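*Asks:* protein.pdb is the file, holding PDB, C-alpha atoms:
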```
ATOM      1  CA  GLU T   2      -6.371   6.195  28.012
ATOM      2  CA  GLU T   3      -6.249   3.037  25.951
ATOM      3  CA  ILE T   4      -3.408   0.551  26.492
ATOM      4  CA  LEU T   5      -2.425  -1.986  23.836
ATOM      5  CA  LEU T   6      -0.053  -4.935  24.053
ATOM      6  CA  SER T   7       0.715  -6.103  20.514
ATOM      7  CA  TYR T   8       2.296  -9.428  19.591
ATOM      8  CA  GLU T   9       3.221 -10.149  15.977
ATOM      9  CA  ALA T  10       5.293 -12.638  14.016
ATOM     10  CA  GLY T  11       5.749 -12.929  10.293
ATOM     11  CA  PHE T  12       7.886 -14.021   7.380
ATOM     12  CA  LYS T  13       8.948 -12.862   3.928
ATOM     13  CA  THR T  14      10.304 -15.287   1.373
ATOM     14  CA  SER T  15      11.004 -15.393  -2.358
ATOM     15  CA  PHE T  16      11.520 -18.255  -4.795
ATOM     16  CA  HIS T  17      11.181 -19.096  -8.502
ATOM     17  CA  GLU T  18      14.410 -17.130  -9.088
ATOM     18  CA  GLY T  19      12.972 -14.162  -7.248
ATOM     19  CA  ARG T  20       9.876 -13.970  -9.458
ATOM     20  CA  THR T  21       7.535 -15.040  -6.654
ATOM     21  CA  ARG T  22       7.233 -13.559  -3.165
ATOM     22  CA  LEU T  23       5.191 -14.922  -0.267
ATOM     23  CA  ASN T  24       4.628 -12.810   2.847
ATOM     24  CA  GLY T  25       2.672 -13.722   5.957
ATOM     25  CA  SER T  26       2.018 -12.528   9.484
ATOM     26  CA  VAL T  27       0.015 -13.503  12.538
ATOM     27  CA  TYR T  28      -0.785 -11.110  15.367
ATOM     28  CA  TYR T  29      -2.615 -10.751  18.662
ATOM     29  CA  TYR T  30      -3.762  -7.406  20.126
ATOM     30  CA  ASP T  31      -4.641  -7.245  23.834
ATOM     31  CA  TYR T  32      -6.439  -4.003  24.730
ATOM     32  CA  SER T  33      -7.014  -2.627  28.203
ATOM     33  CA  ASP T  34      -9.652   0.127  28.286
ATOM     34  CA  TYR T  35     -10.221  -0.024  24.530
ATOM     35  CA  GLN T  36     -11.941   3.207  23.440
ATOM     36  CA  ALA T  37     -15.262   1.881  22.155
ATOM     37  CA  PHE T  38     -17.461   4.367  20.269
ATOM     38  CA  LEU T  39     -21.232   3.986  20.509
ATOM     39  CA  PHE T  40     -23.440   5.997  18.167
ATOM     40  CA  ALA T  41     -26.470   7.321  20.066
ATOM     41  CA  GLY T  42     -29.079   9.654  18.579
ATOM     42  CA  VAL T  43     -27.191  12.162  16.428
ATOM     43  CA  GLY T  44     -24.044  12.012  18.558
ATOM     44  CA  GLY T  45     -22.012   9.405  20.317
ATOM     45  CA  VAL T  46     -20.244   8.372  23.487
ATOM     46  CA  VAL T  47     -16.904   6.691  24.108
ATOM     47  CA  ILE T  48     -16.702   3.977  26.748
ATOM     48  CA  ASN T  49     -13.660   2.011  27.902
ATOM     49  CA  ARG T  50     -13.847  -1.759  27.600
ATOM     50  CA  ASP T  51     -11.290  -4.547  27.329
ATOM     51  CA  ALA T  52     -10.871  -6.031  23.844
ATOM     52  CA  HIS T  53      -8.713  -8.485  21.931
ATOM     53  CA  THR T  54      -7.981  -9.220  18.276
ATOM     54  CA  THR T  55      -6.386 -12.228  16.600
ATOM     55  CA  GLY T  56      -5.426 -11.936  12.947
ATOM     56  CA  LEU T  57      -3.673 -13.673  10.072
ATOM     57  CA  GLU T  58      -2.519 -12.155   6.758
ATOM     58  CA  LEU T  59      -1.027 -13.792   3.645
ATOM     59  CA  GLU T  60       0.154 -12.210   0.398
ATOM     60  CA  LEU T  61       1.458 -13.853  -2.783
ATOM     61  CA  ILE T  62       3.003 -11.777  -5.589
ATOM     62  CA  THR T  63       4.271 -13.585  -8.670
ATOM     63  CA  ASN T  64       5.514 -12.913 -12.201
ATOM     64  CA  PRO T  65       5.294 -16.428 -13.701
ATOM     65  CA  VAL T  66       5.991 -15.343 -17.299
ATOM     66  CA  GLU T  67       7.199 -12.159 -18.928
ATOM     67  CA  GLY T  68       4.533  -9.445 -18.788
ATOM     68  CA  LEU T  69       2.190 -11.287 -16.408
ATOM     69  CA  ASP T  70       1.773 -10.118 -12.801
ATOM     70  CA  VAL T  71      -0.476 -11.848 -10.264
ATOM     71  CA  LEU T  72      -1.285 -10.731  -6.723
ATOM     72  CA  LEU T  73      -3.319 -12.733  -4.201
ATOM     73  CA  SER T  74      -3.907 -11.688  -0.601
ATOM     74  CA  ALA T  75      -6.162 -12.734   2.254
ATOM     75  CA  ALA T  76      -6.797 -11.569   5.801
ATOM     76  CA  TRP T  77      -8.681 -13.237   8.658
ATOM     77  CA  VAL T  78      -9.635 -11.430  11.869
ATOM     78  CA  ASP T  79     -11.317 -12.581  15.082
ATOM     79  CA  ALA T  80     -12.004  -9.531  17.275
ATOM     80  CA  THR T  81     -14.122  -8.985  20.393
ATOM     81  CA  VAL T  82     -15.005  -5.971  22.530
ATOM     82  CA  GLU T  83     -16.139  -7.106  25.991
ATOM     83  CA  ASP T  84     -19.169  -6.072  28.064
ATOM     84  CA  VAL T  85     -20.605  -3.385  25.789
ATOM     85  CA  PRO T  86     -23.968  -2.134  27.161
ATOM     86  CA  LEU T  87     -27.069  -1.954  24.998
ATOM     87  CA  ASN T  88     -27.457   1.691  26.040
ATOM     88  CA  GLY T  89     -24.229   3.673  25.888
ATOM     89  CA  LEU T  90     -25.280   5.871  28.802
ATOM     90  CA  SER T  91     -25.849   3.006  31.260
ATOM     91  CA  GLU T  92     -24.761  -0.558  31.991
ATOM     92  CA  PHE T  93     -27.971  -2.095  30.622
ATOM     93  CA  ALA T  94     -27.629  -5.621  29.168
ATOM     94  CA  PRO T  95     -23.848  -5.763  28.540
ATOM     95  CA  SER T  96     -22.532  -8.337  26.065
ATOM     96  CA  ASP T  97     -19.424  -9.178  24.055
ATOM     97  CA  VAL T  98     -19.605  -7.761  20.524
ATOM     98  CA  ASP T  99     -17.654  -7.471  17.275
ATOM     99  CA  PRO T 100     -15.931  -4.125  16.646
ATOM    100  CA  THR T 101     -17.297  -2.007  13.823
ATOM    101  CA  TYR T 102     -15.991  -2.215  10.255
ATOM    102  CA  ALA T 103     -14.142  -5.445  11.022
ATOM    103  CA  PRO T 104     -15.125  -8.190   8.525
ATOM    104  CA  GLU T 105     -13.917 -11.617   9.573
ATOM    105  CA  PHE T 106     -12.442 -12.437   6.153
ATOM    106  CA  GLN T 107     -11.195 -10.319   3.249
ATOM    107  CA  ALA T 108      -9.440 -11.302   0.023
ATOM    108  CA  THR T 109      -7.983  -9.577  -3.038
ATOM    109  CA  ALA T 110      -6.936 -10.917  -6.437
ATOM    110  CA  LEU T 111      -5.277  -8.959  -9.252
ATOM    111  CA  VAL T 112      -4.070 -10.170 -12.651
ATOM    112  CA  ARG T 113      -2.279  -7.847 -15.077
ATOM    113  CA  TYR T 114      -0.770  -8.663 -18.472
ATOM    114  CA  GLU T 115       1.344  -6.271 -20.549
ATOM    115  CA  TRP T 116       2.661  -6.772 -24.088
ATOM    116  CA  ALA T 117       4.324  -4.774 -26.837
ATOM    117  CA  VAL T 118       2.433  -3.414 -29.847
ATOM    118  CA  GLY T 119       5.032  -1.920 -32.148
ATOM    119  CA  ASP T 120       6.950   0.589 -30.072
ATOM    120  CA  SER T 121       4.081   1.093 -27.611
ATOM    121  CA  MET T 122       2.719  -1.103 -24.798
ATOM    122  CA  MET T 123      -0.760  -2.488 -24.132
ATOM    123  CA  SER T 124      -2.058  -3.879 -20.848
ATOM    124  CA  VAL T 125      -5.132  -5.625 -19.477
ATOM    125  CA  GLN T 126      -5.935  -5.784 -15.773
ATOM    126  CA  VAL T 127      -8.675  -7.429 -13.716
ATOM    127  CA  ASP T 128      -8.906  -7.087  -9.950
ATOM    128  CA  SER T 129     -11.476  -8.325  -7.475
ATOM    129  CA  ASN T 130     -12.020  -7.685  -3.764
ATOM    130  CA  TYR T 131     -14.120  -9.754  -1.353
ATOM    131  CA  SER T 132     -15.326  -8.605   2.069
ATOM    132  CA  ASP T 133     -17.229 -10.605   4.648
ATOM    133  CA  GLU T 134     -20.256  -9.049   6.333
ATOM    134  CA  PHE T 135     -19.576  -6.479   9.069
ATOM    135  CA  TYR T 136     -21.365  -4.236  11.576
ATOM    136  CA  TYR T 137     -21.283  -0.455  11.534
ATOM    137  CA  ASN T 138     -22.797  -0.138  15.013
ATOM    138  CA  LEU T 139     -21.039  -1.510  18.081
ATOM    139  CA  ARG T 140     -24.297  -2.873  19.483
ATOM    140  CA  ASN T 141     -24.279  -5.460  16.645
ATOM    141  CA  PHE T 142     -27.957  -5.219  15.730
ATOM    142  CA  ASP T 143     -28.870  -7.093  12.539
ATOM    143  CA  ALA T 144     -30.253  -3.826  11.132
ATOM    144  CA  ASP T 145     -26.772  -2.290  11.518
ATOM    145  CA  LYS T 146     -24.916  -4.836   9.374
ATOM    146  CA  PHE T 147     -23.709  -4.741   5.770
ATOM    147  CA  ASP T 148     -23.773  -7.973   3.761
ATOM    148  CA  SER T 149     -20.689  -9.546   2.230
ATOM    149  CA  TYR T 150     -19.768  -8.406  -1.274
ATOM    150  CA  VAL T 151     -17.404  -8.840  -4.214
ATOM    151  CA  LEU T 152     -16.210  -5.800  -6.182
ATOM    152  CA  THR T 153     -14.585  -6.420  -9.580
ATOM    153  CA  ASN T 154     -12.843  -3.893 -11.825
ATOM    154  CA  PHE T 155     -11.534  -4.125 -15.407
ATOM    155  CA  ARG T 156      -8.982  -1.925 -17.162
ATOM    156  CA  VAL T 157      -7.385  -1.771 -20.615
ATOM    157  CA  GLY T 158      -4.405   0.529 -21.036
ATOM    158  CA  TRP T 159      -2.008   1.842 -23.702
ATOM    159  CA  SER T 160       1.257   3.738 -23.272
ATOM    160  CA  SER T 161       3.427   5.410 -25.883
ATOM    161  CA  ALA T 162       6.982   4.381 -26.716
ATOM    162  CA  GLU T 163       8.337   7.296 -24.681
ATOM    163  CA  ASP T 164       5.956   6.358 -21.827
ATOM    164  CA  ASN T 165       4.867   9.997 -21.524
ATOM    165  CA  LEU T 166       1.344   9.431 -22.863
ATOM    166  CA  LYS T 167      -0.991   6.912 -21.268
ATOM    167  CA  LEU T 168      -4.584   6.099 -22.184
ATOM    168  CA  ALA T 169      -6.930   3.747 -20.348
ATOM    169  CA  LEU T 170     -10.508   2.517 -20.488
ATOM    170  CA  GLU T 171     -11.875   1.124 -17.231
ATOM    171  CA  VAL T 172     -15.055  -0.347 -15.823
ATOM    172  CA  ARG T 173     -15.436  -0.134 -12.050
ATOM    173  CA  ASN T 174     -17.760  -2.433 -10.112
ATOM    174  CA  VAL T 175     -18.388  -4.550 -13.202
ATOM    175  CA  THR T 176     -21.217  -6.597 -11.650
ATOM    176  CA  ASP T 177     -22.942  -3.493 -10.223
ATOM    177  CA  GLU T 178     -22.624  -4.898  -6.696
ATOM    178  CA  ARG T 179     -24.454  -3.102  -3.877
ATOM    179  CA  ALA T 180     -21.645  -2.855  -1.317
ATOM    180  CA  GLY T 181     -22.027  -1.103   2.041
ATOM    181  CA  GLN T 182     -19.457   1.523   2.963
ATOM    182  CA  MET T 183     -20.564   3.465   6.057
ATOM    183  CA  GLY T 184     -23.644   3.607   8.260
ATOM    184  CA  TYR T 185     -25.168   5.361  11.258
ATOM    185  CA  GLY T 186     -27.799   3.822  13.533
ATOM    186  CA  LEU T 187     -30.488   6.465  14.137
ATOM    187  CA  ALA T 188     -33.076   4.157  15.740
ATOM    188  CA  THR T 189     -33.417   6.285  18.886
ATOM    189  CA  LEU T 190     -33.920   9.437  16.811
ATOM    190  CA  CYS T 191     -36.108   8.473  13.860
ATOM    191  CA  GLY T 192     -36.367   4.675  13.875
ATOM    192  CA  CYS T 193     -34.148   4.584  10.797
ATOM    193  CA  ASN T 194     -30.547   4.216   9.668
ATOM    194  CA  GLU T 195     -28.434   6.382   7.392
ATOM    195  CA  GLU T 196     -26.197   4.388   5.062
ATOM    196  CA  SER T 197     -23.744   5.096   2.249
ATOM    197  CA  TRP T 198     -22.684   2.656  -0.448
ATOM    198  CA  GLN T 199     -19.819   2.017  -2.803
ATOM    199  CA  ALA T 200     -20.275   3.554  -6.247
ATOM    200  CA  PRO T 201     -22.396   1.508  -8.696
ATOM    201  CA  ARG T 202     -21.019   0.298 -12.029
ATOM    202  CA  TYR T 203     -19.418   3.105 -13.983
ATOM    203  CA  TYR T 204     -17.145   3.590 -16.965
ATOM    204  CA  GLY T 205     -14.160   5.864 -17.300
ATOM    205  CA  VAL T 206     -11.616   7.030 -19.847
ATOM    206  CA  ASN T 207      -8.290   8.294 -18.520
ATOM    207  CA  MET T 208      -5.528  10.178 -20.263
ATOM    208  CA  ARG T 209      -2.194  11.143 -18.707
ATOM    209  CA  TYR T 210       0.560  13.154 -20.351
ATOM    210  CA  SER T 211       3.912  13.795 -18.691
ATOM    211  CA  PHE T 212       6.192  16.605 -19.801
TER     212      PHE T 212
END
```
Output the file's structure in the form of C-alpha cells.
*Replies:*
Amino acid sequence: EEILLSYEAGFKTSFHEGRTRLNGSVYYYDYSDYQAFLFAGVGGVVINRDAHTTGLELELITNPVEGLDVLLSAAWVDATVEDVPLNGLSEFAPSDVDPTYAPEFQATALVRYEWAVGDSMMSVQVDSNYSDEFYYNLRNFDADKFDSYVLTNFRVGWSSAEDNLKLALEVRNVTDERAGQMGYGLATLCGCNEESWQAPRYYGVNMRYSF
C-alpha cells in the first residue's frame, strides 16, 4: 500500500467591491511506498518508492468592467520519486526521477467580453494554456519527454434574447501547436515510442437550442 501525508495551506480573498477574487495554496506531499509505474515492453510493473511533492497554486478572477471577465492562474510543482531503477525488474542503476505527466510550471489565461446587440448578446473569448516540458516515462529518458507548449483558442458567440438559442464560431489551437498528450516507451520491444498529440488547428460551428 501507498501512504501519503499531505500538508496544505491556502487563502481566498476578494476585493474591488467583490469584483476580483484571489485564491492561493501551497502544499507538500510526503509519500511512503509511492506506487511508481514503469512501462516495460508492452506491459508494466509497479514498484514502491518514497516520493515527495512541493507545489504552489494561484488564481485571479476579475470583472473589472461590465461584461469583461478575466481569469489568470498558475501552478508550480517540484516532485521527485526516489531510487527508481533503470530496469523495472531489477535494482540496476537507481536514481531520483521526476514523476510522469508532471510539468514544473503551468499557466492559464482567459479573457471574455460580452455586450448587447439589440435584444440579443454577443461575446468574444480568447484563452491560452501553457505547459512546461514533462516526461511520460518514469525513467526520464530524453526520448520520453514532450516539449513545452502553448495552446490558444478563440471563440465568438451569439445568444438570443430568450437565451434559448446559442450560436458560436470557434478556432481551437489557433497557432497549430504540436503539443504532446500521452506516450509509451517501447524501446525494449521495437526501439521506438508510441505517442499521441493534442488535436491540430481546427474550426467549429456550434448551435444549441433549449426547449
*Asks:* Within 6 Å of (-23.6, 1.5, 2.7) in the file's own coordinates, which protein, DNA or RNA residues have an atom, counting only C-alpha atoms? List them as a compact mmCIF listing (two decimals) with C-alpha atoms, in the coordinates of the input.
*Replies:*
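Output file selection.txt follows:
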```
# COMPACT_ATOMS: atom_id res chain seq x y z
CA GLY T 181 -22.03 -1.10 2.04
CA GLN T 182 -19.46 1.52 2.96
CA MET T 183 -20.56 3.46 6.06
CA GLY T 184 -23.64 3.61 8.26
CA GLU T 196 -26.20 4.39 5.06
CA SER T 197 -23.74 5.10 2.25
CA TRP T 198 -22.68 2.66 -0.45
```
*Asks:* So which residues get picked by the PyMOL selection byres ((chain T and resi 17) around 12) here, written as a list in words?
*Replies:*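 With the PyMOL selection byres ((chain T and resi 17) around 12) on this model, the match is Thr14, Ser15, Phe16, Glu18, Gly19, Arg20, Thr21, Arg22, Leu23, Ile62, Thr63, Asn64, Pro65 and Val66 of chain T.
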*Asks:* Could you list, as a ChimeraX atom specification, every residue within 10 Å of Glu60 of chain T, counting only C-alpha atoms and ignoring same-chain residues fewer than 5 positions away?
*Replies:* /T:13,22-26,72-76,108-110
*Asks:* Report as a ChimeraX atom specification all protein, DNA and RNA residues lying within 6 Å of Ser160 of chain T, evaluated on all atoms listed in the file, omitting residues in the same chain fewer than 5 positions from it.
*Replies:* /T:121-122,166-167
*Asks:* What does the structure give for the distance between atom CA of Arg179 of chain T and atom CA of Tyr102 of chain T, in Å to one decimal?
*Replies:*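 For atom CA of Arg179 of chain T relative to atom CA of Tyr102 of chain T, the distance reads 16.5 Å.
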*Asks:* Between T:Ala80, T:Val175, T:Leu39, T:Leu87, which residue has the minimum interatomic distance to Thr55 of chain T, considering all atoms listed in the file?
*Replies:*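 Between T:Ala80, T:Val175, T:Leu39, T:Leu87, the residue approaching Thr55 of chain T most closely is T:Ala80.
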*Asks:* Taking the file as shown, what set of residues would the PyMOL selection byres ((chain T and resi 169) around 10) give back, as a PDB file with C-alpha atoms, keeping the file's coordinate frame?
*Replies:*
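Full text of out_14.pdb as output:
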```pdb
ATOM      1  CA  MET T 123      -0.760  -2.488 -24.132  1.00  0.00           C
ATOM      2  CA  SER T 124      -2.058  -3.879 -20.848  1.00  0.00           C
ATOM      3  CA  VAL T 125      -5.132  -5.625 -19.477  1.00  0.00           C
ATOM      4  CA  ARG T 156      -8.982  -1.925 -17.162  1.00  0.00           C
ATOM      5  CA  VAL T 157      -7.385  -1.771 -20.615  1.00  0.00           C
ATOM      6  CA  GLY T 158      -4.405   0.529 -21.036  1.00  0.00           C
ATOM      7  CA  TRP T 159      -2.008   1.842 -23.702  1.00  0.00           C
ATOM      8  CA  SER T 160       1.257   3.738 -23.272  1.00  0.00           C
ATOM      9  CA  LYS T 167      -0.991   6.912 -21.268  1.00  0.00           C
ATOM     10  CA  LEU T 168      -4.584   6.099 -22.184  1.00  0.00           C
ATOM     11  CA  LEU T 170     -10.508   2.517 -20.488  1.00  0.00           C
ATOM     12  CA  GLU T 171     -11.875   1.124 -17.231  1.00  0.00           C
ATOM     13  CA  GLY T 205     -14.160   5.864 -17.300  1.00  0.00           C
ATOM     14  CA  VAL T 206     -11.616   7.030 -19.847  1.00  0.00           C
ATOM     15  CA  ASN T 207      -8.290   8.294 -18.520  1.00  0.00           C
ATOM     16  CA  MET T 208      -5.528  10.178 -20.263  1.00  0.00           C
ATOM     17  CA  ARG T 209      -2.194  11.143 -18.707  1.00  0.00           C
TER      18      ARG T 209
END
```
*Asks:* For the PyMOL selection byres ((chain T and resi 138) around 7), applied here, can you spell out every residue it catches as a ChimeraX atom specification?
*Replies:* /T:40,101,136-137,139-141,145,186
*Asks:* Give the answer as one residue: which of T:Thr153, T:Leu59, T:Arg113, T:Asn165 has the shortest atom-to-atom distance to Ala200 of chain T, using only C-alpha atoms?
*Replies:* T:Thr153
*Asks:* Using all atoms listed in the file, find the one residue out of T:Thr54, T:Ser132, T:Thr176, T:Gln36 that sits nearest to Pro104 of chain T.
*Replies:*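 Of the candidates, the smallest distance to Pro104 of chain T is held by T:Ser132.
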*Asks:* So the first atom is atom CA of Gly11 of chain T and the second is atom CA of Phe135 of chain T; what is the distance between them in Å, to one decimal place?
*Replies:*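 Computing it gives 26.2 Å between the two atoms.
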*Asks:* Could you state the separation of atom CA of Leu5 of chain T and atom CA of Trp77 of chain T in Å, given to one decimal place?
*Replies:* 19.9 Å
*Asks:* With only C-alpha atoms counted, which protein, DNA or RNA residues have an atom no more than 6 Å from (-14.9, -9.6, -0.7) in the file frame? Please answer as a ChimeraX atom specification.
*Replies:* /T:107-108,130-133,150-151
